[in-house]
>>> print(open('final.pdb').read())   # PDB, C-alpha atoms
ATOM      1  CA  MET U1500       0.000   0.000   0.000  1.00  0.00           C
ATOM      2  CA  PHE U1501       2.844   2.409   0.850  1.00  0.00           C
ATOM      3  CA  ILE U1502       4.420   2.013  -2.585  1.00  0.00           C
ATOM      4  CA  TRP U1503       1.066   2.794  -4.207  1.00  0.00           C
ATOM      5  CA  LEU U1504       0.856   6.032  -2.205  1.00  0.00           C
ATOM      6  CA  HIS U1505       4.448   6.819  -3.182  1.00  0.00           C
ATOM      7  CA  PHE U1506       3.687   6.177  -6.859  1.00  0.00           C
ATOM      8  CA  ILE U1507       0.462   8.227  -6.928  1.00  0.00           C
ATOM      9  CA  ALA U1508       2.080  11.132  -5.065  1.00  0.00           C
ATOM     10  CA  ALA U1509       5.069  11.059  -7.445  1.00  0.00           C
ATOM     11  CA  VAL U1510       2.810  11.199 -10.510  1.00  0.00           C
ATOM     12  CA  PHE U1511       0.847  14.073  -8.957  1.00  0.00           C
ATOM     13  CA  ALA U1512       4.081  15.917  -8.093  1.00  0.00           C
ATOM     14  CA  ILE U1513       5.397  15.575 -11.632  1.00  0.00           C
ATOM     15  CA  MET U1514       2.116  16.938 -13.003  1.00  0.00           C
ATOM     16  CA  LEU U1515       2.272  19.926 -10.611  1.00  0.00           C
ATOM     17  CA  GLY U1516       5.913  20.503 -11.520  1.00  0.00           C
ATOM     18  CA  LEU U1517       5.106  20.517 -15.219  1.00  0.00           C
ATOM     19  CA  ILE U1518       2.270  22.973 -14.612  1.00  0.00           C
ATOM     20  CA  ASN U1519       4.687  25.306 -12.829  1.00  0.00           C
ATOM     21  CA  ILE U1520       7.332  24.982 -15.524  1.00  0.00           C
ATOM     22  CA  VAL U1521       4.951  26.150 -18.252  1.00  0.00           C
ATOM     23  CA  SER U1522       3.052  28.776 -16.230  1.00  0.00           C
ATOM     24  CA  GLU U1523       3.888  32.382 -15.556  1.00  0.00           C
ATOM     25  CA  LYS U1524       6.612  32.744 -12.946  1.00  0.00           C
ATOM     26  CA  GLY U1525       6.531  34.879  -9.807  1.00  0.00           C
ATOM     27  CA  THR U1526       2.756  34.915  -9.440  1.00  0.00           C
ATOM     28  CA  ALA U1527       0.792  33.890  -6.358  1.00  0.00           C
ATOM     29  CA  ARG U1528      -0.382  30.823  -8.305  1.00  0.00           C
ATOM     30  CA  HIS U1529       3.216  29.879  -9.123  1.00  0.00           C
ATOM     31  CA  ARG U1530       4.174  30.112  -5.439  1.00  0.00           C
ATOM     32  CA  MET U1531       1.109  28.133  -4.300  1.00  0.00           C
ATOM     33  CA  VAL U1532       1.704  25.361  -6.836  1.00  0.00           C
ATOM     34  CA  GLY U1533       5.418  25.414  -5.975  1.00  0.00           C
ATOM     35  CA  TRP U1534       4.854  25.008  -2.243  1.00  0.00           C
ATOM     36  CA  SER U1535       2.278  22.272  -2.909  1.00  0.00           C
ATOM     37  CA  TRP U1536       4.803  20.547  -5.159  1.00  0.00           C
ATOM     38  CA  LEU U1537       7.486  20.832  -2.485  1.00  0.00           C
ATOM     39  CA  LEU U1538       5.210  19.331   0.164  1.00  0.00           C
ATOM     40  CA  ILE U1539       4.236  16.411  -2.078  1.00  0.00           C
ATOM     41  CA  MET U1540       7.849  15.866  -3.184  1.00  0.00           C
ATOM     42  CA  SER U1541       8.899  15.745   0.464  1.00  0.00           C
ATOM     43  CA  PHE U1542       6.285  13.032   0.982  1.00  0.00           C
ATOM     44  CA  VAL U1543       7.663  11.213  -2.076  1.00  0.00           C
ATOM     45  CA  THR U1544      11.403  11.550  -1.471  1.00  0.00           C
ATOM     46  CA  VAL U1545      12.016  11.160   2.248  1.00  0.00           C
ATOM     47  CA  PRO U1546       9.998   7.935   2.740  1.00  0.00           C
ATOM     48  CA  SER U1547      11.441   6.522  -0.499  1.00  0.00           C
ATOM     49  CA  LEU U1548      14.667   5.932   1.397  1.00  0.00           C
ATOM     50  CA  TRP U1549      12.849   3.012   3.052  1.00  0.00           C
ATOM     51  CA  ILE U1550      11.747   1.447  -0.241  1.00  0.00           C
ATOM     52  CA  ARG U1551      14.415  -1.197  -0.849  1.00  0.00           C
ATOM     53  CA  GLU U1552      12.666  -4.163  -2.442  1.00  0.00           C
ATOM     54  CA  ILE U1553      14.925  -4.336  -5.490  1.00  0.00           C
ATOM     55  CA  ASN U1554      18.274  -4.620  -3.741  1.00  0.00           C
ATOM     56  CA  ASP U1555      17.652  -7.223  -1.014  1.00  0.00           C
ATOM     57  CA  GLY U1556      16.909  -4.547   1.585  1.00  0.00           C
ATOM     58  CA  HIS U1557      19.914  -2.378   0.693  1.00  0.00           C
ATOM     59  CA  PHE U1558      20.108   1.016  -0.926  1.00  0.00           C
ATOM     60  CA  SER U1559      20.276   1.149  -4.699  1.00  0.00           C
ATOM     61  CA  TRP U1560      21.695   3.837  -6.987  1.00  0.00           C
ATOM     62  CA  ILE U1561      18.245   5.422  -7.223  1.00  0.00           C
ATOM     63  CA  HIS U1562      18.502   6.377  -3.527  1.00  0.00           C
ATOM     64  CA  PHE U1563      21.446   8.643  -4.377  1.00  0.00           C
ATOM     65  CA  LEU U1564      19.168  10.393  -6.837  1.00  0.00           C
ATOM     66  CA  THR U1565      16.624  10.776  -4.016  1.00  0.00           C
ATOM     67  CA  ILE U1566      19.234  12.422  -1.800  1.00  0.00           C
ATOM     68  CA  TRP U1567      20.256  14.737  -4.639  1.00  0.00           C
ATOM     69  CA  ILE U1568      16.617  15.740  -5.185  1.00  0.00           C
ATOM     70  CA  ILE U1569      16.230  16.586  -1.483  1.00  0.00           C
ATOM     71  CA  ILE U1570      19.418  18.683  -1.551  1.00  0.00           C
ATOM     72  CA  SER U1571      18.347  20.395  -4.792  1.00  0.00           C
ATOM     73  CA  MET U1572      14.966  21.318  -3.335  1.00  0.00           C
ATOM     74  CA  GLY U1573      16.724  22.938  -0.386  1.00  0.00           C
ATOM     75  CA  ILE U1574      19.109  24.868  -2.632  1.00  0.00           C
ATOM     76  CA  ALA U1575      16.181  26.030  -4.787  1.00  0.00           C
ATOM     77  CA  ILE U1576      14.310  27.355  -1.744  1.00  0.00           C
ATOM     78  CA  LEU U1577      17.362  29.127  -0.346  1.00  0.00           C
ATOM     79  CA  SER U1578      18.125  30.601  -3.772  1.00  0.00           C
ATOM     80  CA  ILE U1579      14.701  32.121  -4.311  1.00  0.00           C
ATOM     81  CA  ARG U1580      14.653  33.493  -0.754  1.00  0.00           C
ATOM     82  CA  LYS U1581      17.919  35.285  -1.577  1.00  0.00           C
ATOM     83  CA  GLY U1582      16.416  36.588  -4.829  1.00  0.00           C
ATOM     84  CA  ASN U1583      18.550  34.392  -7.073  1.00  0.00           C
ATOM     85  CA  VAL U1584      15.917  33.451  -9.634  1.00  0.00           C
ATOM     86  CA  ARG U1585      18.317  31.802 -12.097  1.00  0.00           C
ATOM     87  CA  THR U1586      19.728  29.415  -9.511  1.00  0.00           C
ATOM     88  CA  HIS U1587      16.232  28.674  -8.225  1.00  0.00           C
ATOM     89  CA  ALA U1588      14.960  27.929 -11.737  1.00  0.00           C
ATOM     90  CA  GLY U1589      17.972  25.776 -12.570  1.00  0.00           C
ATOM     91  CA  PHE U1590      17.684  23.642  -9.452  1.00  0.00           C
ATOM     92  CA  MET U1591      13.923  23.302  -9.819  1.00  0.00           C
ATOM     93  CA  LEU U1592      14.325  22.151 -13.423  1.00  0.00           C
ATOM     94  CA  GLY U1593      17.077  19.782 -12.317  1.00  0.00           C
ATOM     95  CA  THR U1594      14.878  18.443  -9.546  1.00  0.00           C
ATOM     96  CA  MET U1595      12.067  17.825 -12.022  1.00  0.00           C
ATOM     97  CA  LEU U1596      14.456  16.110 -14.417  1.00  0.00           C
ATOM     98  CA  GLY U1597      15.797  13.935 -11.607  1.00  0.00           C
ATOM     99  CA  SER U1598      12.251  13.055 -10.555  1.00  0.00           C
ATOM    100  CA  VAL U1599      11.292  12.058 -14.083  1.00  0.00           C
ATOM    101  CA  ILE U1600      14.461   9.950 -14.435  1.00  0.00           C
ATOM    102  CA  ALA U1601      13.770   8.247 -11.108  1.00  0.00           C
ATOM    103  CA  GLY U1602      10.191   7.607 -12.213  1.00  0.00           C
ATOM    104  CA  ILE U1603      11.270   6.100 -15.515  1.00  0.00           C
ATOM    105  CA  PHE U1604      13.683   3.739 -13.797  1.00  0.00           C
ATOM    106  CA  ALA U1605      11.121   2.903 -11.099  1.00  0.00           C
ATOM    107  CA  ILE U1606       8.615   1.636 -13.662  1.00  0.00           C
ATOM    108  CA  MET U1607      11.079  -0.375 -15.737  1.00  0.00           C
ATOM    109  CA  PRO U1608      10.465  -4.099 -16.123  1.00  0.00           C
ATOM    110  CA  GLY U1609      11.718  -6.064 -13.135  1.00  0.00           C
ATOM    111  CA  ARG U1610      11.062  -3.258 -10.653  1.00  0.00           C
ATOM    112  CA  PHE U1611       8.430  -3.665  -7.937  1.00  0.00           C
ATOM    113  CA  ILE U1612       6.414  -0.635  -9.074  1.00  0.00           C
ATOM    114  CA  GLN U1613       6.246  -2.073 -12.591  1.00  0.00           C
ATOM    115  CA  SER U1614       4.682  -5.234 -11.161  1.00  0.00           C
ATOM    116  CA  LEU U1615       2.086  -3.069  -9.405  1.00  0.00           C
ATOM    117  CA  ILE U1616       1.277  -1.158 -12.597  1.00  0.00           C
ATOM    118  CA  GLY U1617       0.965  -4.433 -14.465  1.00  0.00           C
ATOM    119  CA  HIS U1618      -1.856  -5.421 -12.107  1.00  0.00           C
ATOM    120  CA  PHE U1619      -3.643  -2.084 -12.480  1.00  0.00           C
TER     121      PHE U1619
END
>>> encode(input="final.pdb", output="structure tokens")
Amino acid sequence: MFIWLHFIAAVFAIMLGLINIVSEKGTARHRMVGWSWLLIMSFVTVPSLWIREINDGHFSWIHFLTIWIIISMGIAILSIRKGNVRTHAGFMLGTMLGSVIAGIFAIMPGRFIQSLIGHF
């Protein structure tokens, strides 16, 4: 059940992220969607460190991507608070790219999430 929640939240986060990428920047809507995205991504990334079905209970390379996403989200927040829009935008785009890459690898054949999707 936990992996289903993780999967659904990740899909929702990617959709919100894409909405923010294509929408007007700096608006109240952009900030609201951004904070919502950050909250959902926190729910997706932090607990994902305990998802270890593929590697006999050990961390896999995808967990390093998770850690990088968490760090990137922090840098993006600090950057925009300091008024550094370019750094904020770059790290947010990088975080989205990392999330999409993680998602692609998570649904590849042989992965646990792929077996769940196959039953859907």
>>> closest_residue(input="final.pdb", among="U:Ala1509, U:Ile1570, U:Val1521, U:Met1514", to="Ile1539 (chain U)", atoms="all atoms listed in the file")
U:Ala1509
>>> closest_residue(input="final.pdb", among="U:Arg1530, U:Trp1567, U:Ile1550, U:Leu1517", to="Arg1580 (chain U)", atoms="all atoms listed in the file")
U:Arg1530
>>> axis_aligned_box(input="final.pdb", around="region 1533-1543 of chain U", padding_each_side="5 Å", output="AutoDock Vina command-line options")
--center_x 5.6 --center_y 18.3 --center_z -2.5 --size_x 16.6 --size_y 24.2 --size_z 17.0
>>> resolve_selection(input="final.pdb", expression="the PyMOL selection byres ((chain U and resi 1592-1598) around 7)", output="number ranges by chain")
U: 1516, 1564, 1568, 1571-1572, 1588-1591, 1599-1602
>>> closest_residue(input="final.pdb", among="U:Phe1563, U:Gly1582, U:Gly1573, U:Ser1547", to="Phe1506 (chain U)", atoms="only C-alpha atoms")
U:Ser1547
>>> closest_residue(input="final.pdb", among="U:Trp1536, U:Ile1569, U:His1505, U:Pro1608", to="Ile1518 (chain U)", atoms="only C-alpha atoms")
U:Trp1536
>>> atom_distance(input="final.pdb", atom1="CA of Val1543 (chain U)", atom2="CA of Gly1609 (chain U)")
20.9 Å
>>> closest_residue(input="final.pdb", among="U:Ser1541, U:Gly1533, U:Ile1507, U:Ile1520", to="Ile1566 (chain U)", atoms="only C-alpha atoms")
U:Ser1541
>>> atom_distance(input="final.pdb", atom1="CA of His1529 (chain U)", atom2="CA of Phe1542 (chain U)")
19.9 Å
>>> atom_distance(input="final.pdb", atom1="CA of Leu1537 (chain U)", atom2="CA of Ala1512 (chain U)")
8.2 Å
>>> closest_residue(input="final.pdb", among="U:Leu1538, U:Ile1579, U:Ile1603, U:Lys1524", to="Ala1508 (chain U)", atoms="all atoms listed in the file")
U:Leu1538
